[in-house]
Amino acid sequence: MWINRETAKFLSSPLPSTKLPPHFYVSSDKSTPSRITNHAIMICLMVDGKHCAIPVNAPEVYTKSDDDGDVSGADAKELVTNLYKQFENAYSSISKEMMNGSYQGTVCDGAYQAAEFEATLRELCKQEDSGDFFVVLW
């Protein structure tokens, strides 16, 4: 997808002022615009001095088991794992180290409030000991 390639190119380019790639945060929420609940994921960063929210994906939240018909998918660990996988898929040309180092926060509500969401995200981003520089806001 063109927007993903352009975003990946931007995220991979060092900023002139710092010579580091740009930092970003993520805004995410579940929605049910029709009969299917999705997980809207936006990457938010500064582009030419202006805040910019770029859509990453809106995958389905719930999955139904073929065996017994049980529905799952909306607990904190599944939401954050899905969110992270969407970044890996959309920006596969960016190394995990660069992506993890640039990921600086998450703005979300509802099911994302669980401590398990933050702990799993820190683990996925390898930022367990980053203190205040890695934030989940509700």
# chains A, B, ... in the order shown; residues from 1 in each chain; ligands from 1
>>> closest_atom_pairs(of="segment 23-43 of chain A", to="segment 88-96 of chain A", cutoff="12 Å", atoms="only C-alpha atoms", output="CSV")
residue,atom,partner,partner_atom,distance
A:Ile41,CA,A:Ala90,CA,11.2
A:Met42,CA,A:Ala90,CA,11.5
A:Ile43,CA,A:Ala90,CA,11.0
>>> residues_around(residues="Thr81 of chain A", least_positions_apart="6", cutoff="8 Å", atoms="only C-alpha atoms", output="list of chain:residue names")
A:Thr120, A:Leu121, A:Leu124
>>> closest_residue(among="A:Ala119, A:Met1, A:Val107, A:Ala74", to="Asn57 of chain A", atoms="only C-alpha atoms")
A:Met1
>>> atom_distance(atom1="atom CA of Asp48 of chain A", atom2="atom CA of Phe24 of chain A")
13.8 Å
>>> residues_around(residues="Glu97 of chain A", least_positions_apart="6", cutoff="12 Å", atoms="only C-alpha atoms", output="PDB file with N, CA, C and O atoms, in the first residue's frame")
ATOM      1  N   SER A  12      11.944   5.871   8.667  1.00  0.00           N
ATOM      2  CA  SER A  12      13.318   5.380   8.538  1.00  0.00           C
ATOM      3  C   SER A  12      14.329   6.491   8.304  1.00  0.00           C
ATOM      4  O   SER A  12      15.535   6.257   8.367  1.00  0.00           O
ATOM      5  N   PRO A  21      15.727   8.747  13.971  1.00  0.00           N
ATOM      6  CA  PRO A  21      14.412   8.623  13.328  1.00  0.00           C
ATOM      7  C   PRO A  21      13.342   9.294  14.190  1.00  0.00           C
ATOM      8  O   PRO A  21      13.515   9.428  15.399  1.00  0.00           O
ATOM      9  N   GLU A  88       4.073  -4.385  12.433  1.00  0.00           N
ATOM     10  CA  GLU A  88       5.050  -5.246  11.767  1.00  0.00           C
ATOM     11  C   GLU A  88       4.665  -5.485  10.308  1.00  0.00           C
ATOM     12  O   GLU A  88       5.508  -5.458   9.430  1.00  0.00           O
ATOM     13  N   TYR A 103       8.857   4.035  19.132  1.00  0.00           N
ATOM     14  CA  TYR A 103       7.509   3.928  19.705  1.00  0.00           C
ATOM     15  C   TYR A 103       7.537   4.515  21.101  1.00  0.00           C
ATOM     16  O   TYR A 103       8.151   3.967  21.999  1.00  0.00           O
ATOM     17  N   LEU A 124       6.783  -6.514  24.094  1.00  0.00           N
ATOM     18  CA  LEU A 124       6.895  -6.589  22.635  1.00  0.00           C
ATOM     19  C   LEU A 124       7.888  -5.567  22.092  1.00  0.00           C
ATOM     20  O   LEU A 124       8.619  -5.851  21.146  1.00  0.00           O
ATOM     21  N   CYS A 125       7.899  -4.380  22.688  1.00  0.00           N
ATOM     22  CA  CYS A 125       8.790  -3.305  22.224  1.00  0.00           C
ATOM     23  C   CYS A 125      10.166  -3.354  22.880  1.00  0.00           C
ATOM     24  O   CYS A 125      11.001  -2.498  22.607  1.00  0.00           O
ATOM     25  N   LYS A 126      10.365  -4.315  23.748  1.00  0.00           N
ATOM     26  CA  LYS A 126      11.640  -4.451  24.464  1.00  0.00           C
ATOM     27  C   LYS A 126      11.981  -3.155  25.203  1.00  0.00           C
ATOM     28  O   LYS A 126      13.111  -2.687  25.179  1.00  0.00           O
ATOM     29  N   GLN A 127      10.973  -2.581  25.860  1.00  0.00           N
ATOM     30  CA  GLN A 127      11.169  -1.332  26.598  1.00  0.00           C
ATOM     31  C   GLN A 127      10.759  -1.497  28.055  1.00  0.00           C
ATOM     32  O   GLN A 127      10.167  -0.615  28.650  1.00  0.00           O
TER      33      GLN A 127
END
>>> select_by_dssp(residues="segment 78-123 of chain A", states="helix (DSSP H, G or I)", output="ChimeraX atom specification")
/A:78-90,96-102,110-113,115-123
>>> closest_residue(among="A:Met46, A:Leu20, A:Leu11, A:Leu79", to="Tyr62 of chain A", atoms="only C-alpha atoms")
A:Leu79
>>> closest_residue(among="A:Val56, A:Cys44, A:Asp66, A:Asn38", to="Arg5 of chain A", atoms="only C-alpha atoms")
A:Val56
>>> closest_residue(among="A:Asn100, A:Glu118, A:Ala40, A:Pro16", to="Ala53 of chain A", atoms="only C-alpha atoms")
A:Ala40
>>> closest_residue(among="A:Ser13, A:Asp75, A:Ser102, A:Glu60", to="Ser34 of chain A", atoms="only C-alpha atoms")
A:Glu60
>>> atom_distance(atom1="atom CA of Gly101 of chain A", atom2="atom CA of Phe117 of chain A")
18.3 Å
>>> closest_residue(among="A:Lys19, A:His51, A:Lys30, A:His39", to="Leu83 of chain A", atoms="only C-alpha atoms")
A:His39
>>> atom_distance(atom1="atom CA of Ala115 of chain A", atom2="atom CA of Ala76 of chain A")
8.3 Å
>>> select_by_dssp(residues="segment 12-134 of chain A", states="strand (DSSP E)", output="PyMOL selection string")
chain A and resi 24-31+38-47+50-57+63-64+71-72+103-107
